[in-house]
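Engineer: The structure's right below; bear with me while I get my questions together.
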Amino acid sequence: MDDHGKTPDDGDASTHHGGHHDAKDEPQPPAGEEESRVEQSILEEEAEDADEGEREVDEQYEHRASHGSGGSDHGGHDGHEGDGGMHEGHEQMFRRRFFISTLLSIPVLLYSETLQAWLGFSVPAFPGSELINPVFAVIVFAYGGVPFLRMARPELEDQAPGMMTLISMAITVAFVYSLASVVFPTASTFFWELVTLIDIMLLGHWIEMRSVRRASSALDELAKLLPDTAERITENGDTEKVPVSDLSEGDLVLVRPGASVPADGIVEEGDSDVNESMITGESRPVSKEPGDEVIGGTINGDGSLRVQISATGDETTLAGIMRLVEEAQESKSQTQMLADRAAGWLFYVALSVAIVTAIAWTVAVSFNATVIERVVTVLVIACPHALGLAIPLVVAINTSLAARNGMLIRDRIAMEQARELDTVIFDKTGTLTKGEQGIVDVETVSDLEEDEALALAAAVESDSEHMIAQAIREAADERGVTPETATSFEAVKGRGVRATVDGETVYVGGPNLLPHLEIDIPPKLASFADRAGESAQTVVYLVREDEPVAAFALADVVRDESYQVVDALHELGLEVAMLTGDSEDVARAVADDLGIDTVFAEVLPEDKDKKVTELQDQGKFVAMVGDGVNDAPALTRSDIGIAIGSGTDVAVQSADIILVQNNPMDVVRLVKLSKASYRKMQQNLVWAAGYNVFALPLAAGILAPIGILLSPAVGALLMSLSTVIVAINAQFLRRVDLDLPSLPGVSAPQKSQLAD
């Protein structure tokens, strides 16, 4: 490999070993943990009662939920993957119960006198047909309704009634009253309302489980960075292949070209460039020589290194990052869905109205069957079918819309909360920038044209895979320059490369090249290098026949979209911050170019996590956008983690939302879609529960003195109508315009620019 020398910005970001981060607060239990445990117990019972084929499937869900699948030796991960298996099991459970309950509901609907009267049809009667409704309703209640009663228990124990409590109240009252009406005949029953209510709630919960399913494997992805084995050097100088877990502090290991460093250590012998971008965020390979520290999990370049191990196991930098990821995942705050809060309010309203109804009617007509019927009607219609679908339908359409626009939603709460963001933190390398070097300026002397200089440099670098060589060749291609043919290519160790072009000896190399050749820098090139240094740019020199004839300034390439996204977020009133492991000079240059408000530079993974916490402590609602392993703790600690899809697997698995198209502009789309979805949720909740403003008083009999009394059948019709309205209204979300021209701060595509 050619060696372009160690540049001034190749800061050593490997001097810490990532210890355990003390969380400010004790970890909070995951949202819905109690409900998940209840659902899991239902899943286990279902595995016992199912046939052999279904039993095997359910046992797999149970095993994955309890122990995780694809176990890992790195503690703490099993639970993450278990969550994914558990949610998948819940989805399948509710799906199965929905279809079976719906099938069993058909006879109840067919033999409902109310529906027969409404729709003008009849079905044959036969001895015992009068028992069809109660028998099938009991089966549907036991199979499809009892799970909701069990899931309501944690809400009642926490004295926080929600959707499960409201559903349980409605179906229990309808069930008990309807069965009682079989023994003590009354004017009406609620069998068909009971089964359809259960069916709709099962459908809503199935949709919700499908949207909520999230299989997090961040810790496994981190663990994959470490190799399974290492080449340990024995006392006689031979090498032996051993498991990484067998390494001890003080062991000497051989790291071959292209291999992963097995553990943290110090270079004893050898020179090489090590790719640390997945750990430190450094955008360029860092040159390593004896005495330098290396981090386990980083990738060695083309040179061989002998490394003395300084930390293993839980003491390594990578293990520290894994702990931070796990802590941040555990510390997610519990957030209730908007529909659940609405259901809680409606629960208390329904109880209050029912009590007032019972008292008023008892005083008016004394206690009799009419009083009971009024109270039951109030409690049953207080739980509209539509409330169970109001949010899941919007979430399902939202998720589909987001996916078609390059956004994968892994956490529905994060999508809902994106509308509340006031600060967005971007990782620099690979997110705002392309994470690759590009030539931003050229200076020449001796009447040499810039294109000629690029042609010479590209010829010398024609066989090199070094990122600086690639940048020079790409710049030549962009200008349409055709390189000359170079021969006698040779690397000048630690300084650059040399080749022969048209019989002339030509060198390309960094600042160490000229002292090595004992050549003075011409004033014009020296001034150019000083200006480049002030902007944190790397300078590479072109030397022809022992005469410096040109210099090239290189910097990380800024994405075209980055200029647009910063402007658009400012237009939305959001603060923009940048977080990077690069040097202060490099970070400041990019931030000034983009107009970023806040810059955090030279931060290691644990510091990135703390910077997010600092902003949160200031009362800010923070989103983190990143693509590297070093971003994983910050992604999970932030209120909303957004991963660039082309980034490392661990960043993607640590995030709530993934931008598949690798376009930071999708962050603005995300905020806009979140706002539109939330508006649609609010509208649906109004349609779903709003009819109670009219239905509950009418059911209670407030207009009975003038002959207007809401019957259970009409109440059920209103419930059905609100369900249809909610379903149609949710579909209007598909009309939201997420095209870039409609976004604030976005103009026509700009010409490609580079950080300077």
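Here's how to read the names in the structure tokens: chain A, B, ... by the order shown, residue numbers from 1 in each chain, ligand numbers from 1 in the order shown.
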Which residues are close to segment 164-181 of chain A, i.e. within 6 Å by only C-alpha atoms, leaving aside same-chain residues fewer than 5 positions away? Reply as a short mmCIF file (atom, residue, chain, number, x, y, z; two decimals) with C-alpha atoms, in the first residue's frame.
Structural biologist:
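File produced: result_35.cif:
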```
data_model
loop_
_atom_site.label_atom_id
_atom_site.label_comp_id
_atom_site.auth_asym_id
_atom_site.auth_seq_id
_atom_site.Cartn_x
_atom_site.Cartn_y
_atom_site.Cartn_z
CA PHE A 148 -58.85 -8.03 26.90
CA LEU A 149 -60.10 -8.58 30.45
CA ALA A 152 -57.04 -4.65 31.64
CA THR A 186 -86.06 -8.08 28.33
CA THR A 189 -80.11 -7.96 24.05
CA PHE A 190 -76.58 -7.02 23.01
CA LEU A 194 -70.95 -7.88 21.82
CA PHE A 347 -64.00 5.33 30.98
CA LEU A 379 -71.90 1.57 29.32
CA VAL A 380 -71.98 -0.42 26.07
#
```
Engineer: Where does DSSP see strand (DSSP E) in segment 220-291 of chain A, if you list the residues as a ChimeraX atom specification?
Structural biologist: /A:229-233,239-243,252-255,264-269,272-275,286-288
Engineer: Write out as a PDB file with all heavy atoms, in the first residue's frame which residues come within 7 Å of segment 534-551 of chain A when counting only C-alpha atoms, dropping same-chain ones fewer than 4 positions away.
Structural biologist:
```
ATOM      1  N   THR A   7      -1.375  12.924   8.299  1.00  0.00           N
ATOM      2  CA  THR A   7      -1.804  14.308   8.160  1.00  0.00           C
ATOM      3  C   THR A   7      -2.061  14.913   9.522  1.00  0.00           C
ATOM      4  O   THR A   7      -2.270  14.219  10.501  1.00  0.00           O
ATOM      5  CB  THR A   7      -3.086  14.378   7.322  1.00  0.00           C
ATOM      6  OG1 THR A   7      -4.111  13.719   8.049  1.00  0.00           O
ATOM      7  CG2 THR A   7      -2.904  13.744   5.976  1.00  0.00           C
ATOM      8  N   VAL A 442      -6.951  23.710  -5.835  1.00  0.00           N
ATOM      9  CA  VAL A 442      -5.675  23.348  -6.466  1.00  0.00           C
ATOM     10  C   VAL A 442      -4.850  24.618  -6.644  1.00  0.00           C
ATOM     11  O   VAL A 442      -5.383  25.675  -7.024  1.00  0.00           O
ATOM     12  CB  VAL A 442      -5.894  22.676  -7.845  1.00  0.00           C
ATOM     13  CG1 VAL A 442      -4.552  22.303  -8.473  1.00  0.00           C
ATOM     14  CG2 VAL A 442      -6.800  21.455  -7.708  1.00  0.00           C
ATOM     15  N   GLU A 443      -3.560  24.527  -6.365  1.00  0.00           N
ATOM     16  CA  GLU A 443      -2.632  25.640  -6.599  1.00  0.00           C
ATOM     17  C   GLU A 443      -1.446  25.110  -7.385  1.00  0.00           C
ATOM     18  O   GLU A 443      -0.939  24.022  -7.098  1.00  0.00           O
ATOM     19  CB  GLU A 443      -2.167  26.230  -5.266  1.00  0.00           C
ATOM     20  CG  GLU A 443      -1.307  27.491  -5.405  1.00  0.00           C
ATOM     21  CD  GLU A 443      -2.094  28.666  -5.966  1.00  0.00           C
ATOM     22  OE1 GLU A 443      -2.776  29.350  -5.187  1.00  0.00           O
ATOM     23  OE2 GLU A 443      -2.024  28.868  -7.207  1.00  0.00           O
ATOM     24  N   THR A 444      -1.001  25.871  -8.406  1.00  0.00           N
ATOM     25  CA  THR A 444       0.128  25.435  -9.228  1.00  0.00           C
ATOM     26  C   THR A 444       1.166  26.544  -9.340  1.00  0.00           C
ATOM     27  O   THR A 444       0.878  27.718  -9.085  1.00  0.00           O
ATOM     28  CB  THR A 444      -0.342  25.057 -10.652  1.00  0.00           C
ATOM     29  OG1 THR A 444      -0.884  26.222 -11.283  1.00  0.00           O
ATOM     30  CG2 THR A 444      -1.384  23.949 -10.611  1.00  0.00           C
ATOM     31  N   VAL A 445       2.377  26.154  -9.718  1.00  0.00           N
ATOM     32  CA  VAL A 445       3.465  27.099  -9.999  1.00  0.00           C
ATOM     33  C   VAL A 445       4.119  26.697 -11.311  1.00  0.00           C
ATOM     34  O   VAL A 445       3.747  25.689 -11.915  1.00  0.00           O
ATOM     35  CB  VAL A 445       4.507  27.111  -8.845  1.00  0.00           C
ATOM     36  CG1 VAL A 445       3.886  27.623  -7.555  1.00  0.00           C
ATOM     37  CG2 VAL A 445       5.095  25.719  -8.639  1.00  0.00           C
ATOM     38  N   SER A 446       5.064  27.492 -11.746  1.00  0.00           N
ATOM     39  CA  SER A 446       5.828  27.184 -12.976  1.00  0.00           C
ATOM     40  C   SER A 446       4.927  27.091 -14.202  1.00  0.00           C
ATOM     41  O   SER A 446       5.165  26.257 -15.097  1.00  0.00           O
ATOM     42  CB  SER A 446       6.634  25.886 -12.814  1.00  0.00           C
ATOM     43  OG  SER A 446       7.506  25.981 -11.710  1.00  0.00           O
ATOM     44  N   ALA A 453      -1.746  19.437 -13.849  1.00  0.00           N
ATOM     45  CA  ALA A 453      -1.329  18.939 -12.538  1.00  0.00           C
ATOM     46  C   ALA A 453      -2.161  17.729 -12.129  1.00  0.00           C
ATOM     47  O   ALA A 453      -1.636  16.719 -11.626  1.00  0.00           O
ATOM     48  CB  ALA A 453      -1.445  20.047 -11.496  1.00  0.00           C
ATOM     49  N   ALA A 457      -0.828  13.911 -11.410  1.00  0.00           N
ATOM     50  CA  ALA A 457      -1.087  13.269 -10.119  1.00  0.00           C
ATOM     51  C   ALA A 457      -1.920  12.003 -10.296  1.00  0.00           C
ATOM     52  O   ALA A 457      -1.660  10.972  -9.661  1.00  0.00           O
ATOM     53  CB  ALA A 457      -1.801  14.245  -9.186  1.00  0.00           C
ATOM     54  N   GLU A 504       9.936  11.442 -16.794  1.00  0.00           N
ATOM     55  CA  GLU A 504      10.216  12.312 -15.654  1.00  0.00           C
ATOM     56  C   GLU A 504       9.781  11.619 -14.358  1.00  0.00           C
ATOM     57  O   GLU A 504       8.772  10.913 -14.323  1.00  0.00           O
ATOM     58  CB  GLU A 504       9.473  13.642 -15.780  1.00  0.00           C
ATOM     59  CG  GLU A 504       9.922  14.488 -16.972  1.00  0.00           C
ATOM     60  CD  GLU A 504       9.156  15.799 -17.052  1.00  0.00           C
ATOM     61  OE1 GLU A 504       7.924  15.779 -16.799  1.00  0.00           O
ATOM     62  OE2 GLU A 504       9.769  16.833 -17.357  1.00  0.00           O
ATOM     63  N   THR A 505      10.555  11.840 -13.310  1.00  0.00           N
ATOM     64  CA  THR A 505      10.205  11.285 -11.998  1.00  0.00           C
ATOM     65  C   THR A 505       9.224  12.228 -11.304  1.00  0.00           C
ATOM     66  O   THR A 505       9.506  13.417 -11.132  1.00  0.00           O
ATOM     67  CB  THR A 505      11.460  11.114 -11.125  1.00  0.00           C
ATOM     68  OG1 THR A 505      12.374  10.239 -11.796  1.00  0.00           O
ATOM     69  CG2 THR A 505      11.085  10.521  -9.771  1.00  0.00           C
ATOM     70  N   VAL A 506       8.075  11.671 -10.936  1.00  0.00           N
ATOM     71  CA  VAL A 506       7.014  12.481 -10.335  1.00  0.00           C
ATOM     72  C   VAL A 506       6.629  11.871  -8.984  1.00  0.00           C
ATOM     73  O   VAL A 506       6.437  10.657  -8.870  1.00  0.00           O
ATOM     74  CB  VAL A 506       5.778  12.550 -11.252  1.00  0.00           C
ATOM     75  CG1 VAL A 506       4.694  13.422 -10.621  1.00  0.00           C
ATOM     76  CG2 VAL A 506       6.162  13.074 -12.628  1.00  0.00           C
ATOM     77  N   TYR A 507       6.545  12.733  -7.982  1.00  0.00           N
ATOM     78  CA  TYR A 507       6.127  12.316  -6.643  1.00  0.00           C
ATOM     79  C   TYR A 507       4.769  12.943  -6.307  1.00  0.00           C
ATOM     80  O   TYR A 507       4.468  14.069  -6.714  1.00  0.00           O
ATOM     81  CB  TYR A 507       7.117  12.791  -5.571  1.00  0.00           C
ATOM     82  CG  TYR A 507       8.481  12.155  -5.609  1.00  0.00           C
ATOM     83  CD1 TYR A 507       9.483  12.641  -6.455  1.00  0.00           C
ATOM     84  CD2 TYR A 507       8.788  11.089  -4.761  1.00  0.00           C
ATOM     85  CE1 TYR A 507      10.747  12.082  -6.473  1.00  0.00           C
ATOM     86  CE2 TYR A 507      10.059  10.525  -4.769  1.00  0.00           C
ATOM     87  CZ  TYR A 507      11.028  11.024  -5.625  1.00  0.00           C
ATOM     88  OH  TYR A 507      12.293  10.474  -5.632  1.00  0.00           O
ATOM     89  N   VAL A 508       3.965  12.216  -5.522  1.00  0.00           N
ATOM     90  CA  VAL A 508       2.755  12.760  -4.899  1.00  0.00           C
ATOM     91  C   VAL A 508       2.772  12.327  -3.439  1.00  0.00           C
ATOM     92  O   VAL A 508       2.918  11.133  -3.143  1.00  0.00           O
ATOM     93  CB  VAL A 508       1.468  12.247  -5.576  1.00  0.00           C
ATOM     94  CG1 VAL A 508       0.234  12.792  -4.847  1.00  0.00           C
ATOM     95  CG2 VAL A 508       1.422  12.645  -7.041  1.00  0.00           C
ATOM     96  N   GLY A 509       2.667  13.297  -2.528  1.00  0.00           N
ATOM     97  CA  GLY A 509       2.725  12.931  -1.117  1.00  0.00           C
ATOM     98  C   GLY A 509       2.361  14.075  -0.205  1.00  0.00           C
ATOM     99  O   GLY A 509       2.146  15.216  -0.644  1.00  0.00           O
ATOM    100  N   GLY A 510       2.266  13.761   1.096  1.00  0.00           N
ATOM    101  CA  GLY A 510       1.877  14.732   2.098  1.00  0.00           C
ATOM    102  C   GLY A 510       3.019  15.624   2.533  1.00  0.00           C
ATOM    103  O   GLY A 510       4.088  15.666   1.910  1.00  0.00           O
ATOM    104  N   PRO A 511       2.828  16.367   3.645  1.00  0.00           N
ATOM    105  CA  PRO A 511       3.827  17.340   4.105  1.00  0.00           C
ATOM    106  C   PRO A 511       5.195  16.730   4.389  1.00  0.00           C
ATOM    107  O   PRO A 511       6.213  17.425   4.297  1.00  0.00           O
ATOM    108  CB  PRO A 511       3.196  17.886   5.394  1.00  0.00           C
ATOM    109  CG  PRO A 511       1.729  17.667   5.227  1.00  0.00           C
ATOM    110  CD  PRO A 511       1.597  16.394   4.454  1.00  0.00           C
ATOM    111  N   ILE A 521       9.611  24.469   0.054  1.00  0.00           N
ATOM    112  CA  ILE A 521       8.281  24.737  -0.488  1.00  0.00           C
ATOM    113  C   ILE A 521       8.256  26.138  -1.089  1.00  0.00           C
ATOM    114  O   ILE A 521       8.599  27.115  -0.414  1.00  0.00           O
ATOM    115  CB  ILE A 521       7.203  24.644   0.615  1.00  0.00           C
ATOM    116  CG1 ILE A 521       7.264  23.288   1.312  1.00  0.00           C
ATOM    117  CG2 ILE A 521       5.809  24.882   0.038  1.00  0.00           C
ATOM    118  CD1 ILE A 521       6.302  23.151   2.462  1.00  0.00           C
ATOM    119  N   LEU A 525       3.021  27.997  -2.799  1.00  0.00           N
ATOM    120  CA  LEU A 525       2.437  26.759  -2.283  1.00  0.00           C
ATOM    121  C   LEU A 525       2.390  26.766  -0.765  1.00  0.00           C
ATOM    122  O   LEU A 525       1.457  26.210  -0.161  1.00  0.00           O
ATOM    123  CB  LEU A 525       3.225  25.550  -2.786  1.00  0.00           C
ATOM    124  CG  LEU A 525       3.243  25.316  -4.304  1.00  0.00           C
ATOM    125  CD1 LEU A 525       3.937  23.994  -4.628  1.00  0.00           C
ATOM    126  CD2 LEU A 525       1.825  25.322  -4.880  1.00  0.00           C
ATOM    127  N   ALA A 529      -0.873  26.207   1.480  1.00  0.00           N
ATOM    128  CA  ALA A 529      -0.950  25.201   2.537  1.00  0.00           C
ATOM    129  C   ALA A 529      -1.417  25.816   3.854  1.00  0.00           C
ATOM    130  O   ALA A 529      -2.185  25.203   4.603  1.00  0.00           O
ATOM    131  CB  ALA A 529       0.400  24.525   2.713  1.00  0.00           C
ATOM    132  N   ASP A 530      -0.971  27.040   4.151  1.00  0.00           N
ATOM    133  CA  ASP A 530      -1.404  27.710   5.387  1.00  0.00           C
ATOM    134  C   ASP A 530      -2.909  27.969   5.369  1.00  0.00           C
ATOM    135  O   ASP A 530      -3.600  27.756   6.375  1.00  0.00           O
ATOM    136  CB  ASP A 530      -0.645  29.029   5.567  1.00  0.00           C
ATOM    137  CG  ASP A 530       0.833  28.818   5.893  1.00  0.00           C
ATOM    138  OD1 ASP A 530       1.164  27.695   6.346  1.00  0.00           O
ATOM    139  OD2 ASP A 530       1.634  29.754   5.688  1.00  0.00           O
ATOM    140  N   ALA A 555     -10.753  17.725   1.417  1.00  0.00           N
ATOM    141  CA  ALA A 555     -11.637  17.780   2.578  1.00  0.00           C
ATOM    142  C   ALA A 555     -12.770  16.792   2.369  1.00  0.00           C
ATOM    143  O   ALA A 555     -12.997  16.295   1.259  1.00  0.00           O
ATOM    144  CB  ALA A 555     -12.190  19.195   2.774  1.00  0.00           C
ATOM    145  N   ASP A 585     -11.282  21.787  14.209  1.00  0.00           N
ATOM    146  CA  ASP A 585     -11.136  22.576  12.981  1.00  0.00           C
ATOM    147  C   ASP A 585     -12.000  22.022  11.850  1.00  0.00           C
ATOM    148  O   ASP A 585     -12.681  22.765  11.141  1.00  0.00           O
ATOM    149  CB  ASP A 585      -9.667  22.611  12.541  1.00  0.00           C
ATOM    150  CG  ASP A 585      -8.809  23.455  13.475  1.00  0.00           C
ATOM    151  OD1 ASP A 585      -9.394  24.291  14.206  1.00  0.00           O
ATOM    152  OD2 ASP A 585      -7.579  23.270  13.481  1.00  0.00           O
ATOM    153  N   VAL A 586     -11.948  20.687  11.687  1.00  0.00           N
ATOM    154  CA  VAL A 586     -12.742  20.061  10.626  1.00  0.00           C
ATOM    155  C   VAL A 586     -14.232  20.274  10.883  1.00  0.00           C
ATOM    156  O   VAL A 586     -14.998  20.656   9.986  1.00  0.00           O
ATOM    157  CB  VAL A 586     -12.431  18.556  10.537  1.00  0.00           C
ATOM    158  CG1 VAL A 586     -13.402  17.858   9.577  1.00  0.00           C
ATOM    159  CG2 VAL A 586     -10.994  18.335  10.070  1.00  0.00           C
ATOM    160  N   ALA A 589     -15.322  23.912  10.293  1.00  0.00           N
ATOM    161  CA  ALA A 589     -15.361  24.286   8.881  1.00  0.00           C
ATOM    162  C   ALA A 589     -16.668  23.825   8.238  1.00  0.00           C
ATOM    163  O   ALA A 589     -17.317  24.564   7.492  1.00  0.00           O
ATOM    164  CB  ALA A 589     -14.162  23.684   8.146  1.00  0.00           C
ATOM    165  N   ASP A 756     -15.211  23.620   3.139  1.00  0.00           N
ATOM    166  CA  ASP A 756     -13.969  24.365   3.002  1.00  0.00           C
ATOM    167  C   ASP A 756     -13.642  25.078   4.302  1.00  0.00           C
ATOM    168  O   ASP A 756     -14.288  24.869   5.296  1.00  0.00           O
ATOM    169  CB  ASP A 756     -14.046  25.353   1.841  1.00  0.00           C
ATOM    170  CG  ASP A 756     -15.263  26.261   1.907  1.00  0.00           C
ATOM    171  OD1 ASP A 756     -15.643  26.669   3.017  1.00  0.00           O
ATOM    172  OD2 ASP A 756     -15.819  26.550   0.844  1.00  0.00           O
TER     173      ASP A 756
END
```
Engineer: Pull the helix (DSSP H, G or I) assignments for segment 538-627 of chain A out of DSSP run on the backbone, and list those residues as a PyMOL selection string.
Structural biologist: chain A and resi 560-571+584-594+605-617
Engineer: Just to confirm, what's the straight-line distance from atom CA of Ala475 of chain A to atom CA of Glu450 of chain A in Å (one decimal)?
Structural biologist: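 Going from atom CA of Ala475 of chain A over to atom CA of Glu450 of chain A covers 10.9 Å.
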Engineer: Using only C-alpha atoms, which residues sit within 12 Å of Asp246 of chain A once same-chain residues fewer than 4 positions away are excluded, as a list in words?
Structural biologist: Asp228, Thr229, Ala230, Glu231, Arg232, Glu240, Lys241, Val242, Asp251, Val253, Pro262, Ala263, Ile309, Thr312 and Gly313 of chain A
Engineer: Restrict the selected residues to N, CA, C and O atoms and save them as a PDB file, in the first residue's frame.
Structural biologist:
```pdb
ATOM      1  N   ASP A 228     -13.722 -13.788  15.712  1.00  0.00           N
ATOM      2  CA  ASP A 228     -13.877 -14.940  16.606  1.00  0.00           C
ATOM      3  C   ASP A 228     -12.537 -15.426  17.134  1.00  0.00           C
ATOM      4  O   ASP A 228     -12.458 -15.950  18.245  1.00  0.00           O
ATOM      5  N   THR A 229     -11.497 -15.278  16.312  1.00  0.00           N
ATOM      6  CA  THR A 229     -10.185 -15.789  16.705  1.00  0.00           C
ATOM      7  C   THR A 229      -9.112 -14.723  16.526  1.00  0.00           C
ATOM      8  O   THR A 229      -9.343 -13.703  15.871  1.00  0.00           O
ATOM      9  N   ALA A 230      -7.978 -14.983  17.136  1.00  0.00           N
ATOM     10  CA  ALA A 230      -6.833 -14.085  17.010  1.00  0.00           C
ATOM     11  C   ALA A 230      -5.571 -14.927  16.828  1.00  0.00           C
ATOM     12  O   ALA A 230      -5.537 -16.107  17.212  1.00  0.00           O
ATOM     13  N   GLU A 231      -4.541 -14.311  16.231  1.00  0.00           N
ATOM     14  CA  GLU A 231      -3.251 -14.990  16.065  1.00  0.00           C
ATOM     15  C   GLU A 231      -2.308 -14.511  17.164  1.00  0.00           C
ATOM     16  O   GLU A 231      -1.747 -13.421  17.083  1.00  0.00           O
ATOM     17  N   ARG A 232      -2.148 -15.329  18.182  1.00  0.00           N
ATOM     18  CA  ARG A 232      -1.291 -14.967  19.309  1.00  0.00           C
ATOM     19  C   ARG A 232       0.139 -15.418  19.013  1.00  0.00           C
ATOM     20  O   ARG A 232       0.368 -16.519  18.512  1.00  0.00           O
ATOM     21  N   GLU A 240      -0.132 -18.805  16.963  1.00  0.00           N
ATOM     22  CA  GLU A 240      -1.146 -19.827  17.212  1.00  0.00           C
ATOM     23  C   GLU A 240      -2.521 -19.170  17.164  1.00  0.00           C
ATOM     24  O   GLU A 240      -2.711 -18.061  17.663  1.00  0.00           O
ATOM     25  N   LYS A 241      -3.462 -19.841  16.543  1.00  0.00           N
ATOM     26  CA  LYS A 241      -4.810 -19.295  16.447  1.00  0.00           C
ATOM     27  C   LYS A 241      -5.586 -19.680  17.697  1.00  0.00           C
ATOM     28  O   LYS A 241      -5.718 -20.865  18.022  1.00  0.00           O
ATOM     29  N   VAL A 242      -6.111 -18.659  18.394  1.00  0.00           N
ATOM     30  CA  VAL A 242      -6.835 -18.897  19.641  1.00  0.00           C
ATOM     31  C   VAL A 242      -8.139 -18.103  19.615  1.00  0.00           C
ATOM     32  O   VAL A 242      -8.241 -17.082  18.922  1.00  0.00           O
ATOM     33  N   ASP A 251      -0.743 -10.173  26.236  1.00  0.00           N
ATOM     34  CA  ASP A 251      -0.502 -11.056  25.093  1.00  0.00           C
ATOM     35  C   ASP A 251      -0.099 -10.231  23.877  1.00  0.00           C
ATOM     36  O   ASP A 251      -0.546  -9.097  23.687  1.00  0.00           O
ATOM     37  N   VAL A 253      -0.257 -10.144  19.781  1.00  0.00           N
ATOM     38  CA  VAL A 253      -1.000 -10.749  18.679  1.00  0.00           C
ATOM     39  C   VAL A 253      -0.545 -10.144  17.357  1.00  0.00           C
ATOM     40  O   VAL A 253      -0.072  -9.003  17.296  1.00  0.00           O
ATOM     41  N   PRO A 262      -8.340  -7.748  17.339  1.00  0.00           N
ATOM     42  CA  PRO A 262      -9.155  -8.599  18.217  1.00  0.00           C
ATOM     43  C   PRO A 262      -9.520  -7.977  19.553  1.00  0.00           C
ATOM     44  O   PRO A 262     -10.501  -8.365  20.172  1.00  0.00           O
ATOM     45  N   ALA A 263      -8.733  -7.014  20.041  1.00  0.00           N
ATOM     46  CA  ALA A 263      -8.991  -6.385  21.336  1.00  0.00           C
ATOM     47  C   ALA A 263      -8.194  -5.091  21.413  1.00  0.00           C
ATOM     48  O   ALA A 263      -7.328  -4.831  20.573  1.00  0.00           O
ATOM     49  N   ILE A 309      -1.872  -6.678  23.825  1.00  0.00           N
ATOM     50  CA  ILE A 309      -3.230  -6.496  24.333  1.00  0.00           C
ATOM     51  C   ILE A 309      -3.196  -5.731  25.657  1.00  0.00           C
ATOM     52  O   ILE A 309      -2.452  -6.078  26.581  1.00  0.00           O
ATOM     53  N   THR A 312      -9.290  -6.536  27.557  1.00  0.00           N
ATOM     54  CA  THR A 312     -10.095  -7.600  26.953  1.00  0.00           C
ATOM     55  C   THR A 312     -11.473  -7.615  27.589  1.00  0.00           C
ATOM     56  O   THR A 312     -11.726  -6.984  28.623  1.00  0.00           O
ATOM     57  N   GLY A 313     -12.388  -8.349  26.959  1.00  0.00           N
ATOM     58  CA  GLY A 313     -13.706  -8.558  27.535  1.00  0.00           C
ATOM     59  C   GLY A 313     -14.466  -7.277  27.803  1.00  0.00           C
ATOM     60  O   GLY A 313     -14.575  -6.396  26.952  1.00  0.00           O
TER      61      GLY A 313
END
```
Engineer: Hey, what's within 6 Å of segment 594-601 of chain A if we count only C-alpha atoms and toss same-chain stuff fewer than 3 positions away? As a list in words, please?
Structural biologist: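 Residues meeting the cut-off are Tyr563, Val576, Ala577, Met578, Leu579, Thr580, Gly581, Glu584 and Ala591 of chain A.
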Engineer: I'd like the interatomic distance between atom CA of Ala471 of chain A and atom CA of Gly438 of chain A, to a tenth of an Å.
Structural biologist: 5.0 Å
Engineer: Do you have the atom CA of Arg495 of chain A-atom CA of Ser287 of chain A distance handy?
Structural biologist: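 It comes out at 11.7 Å.
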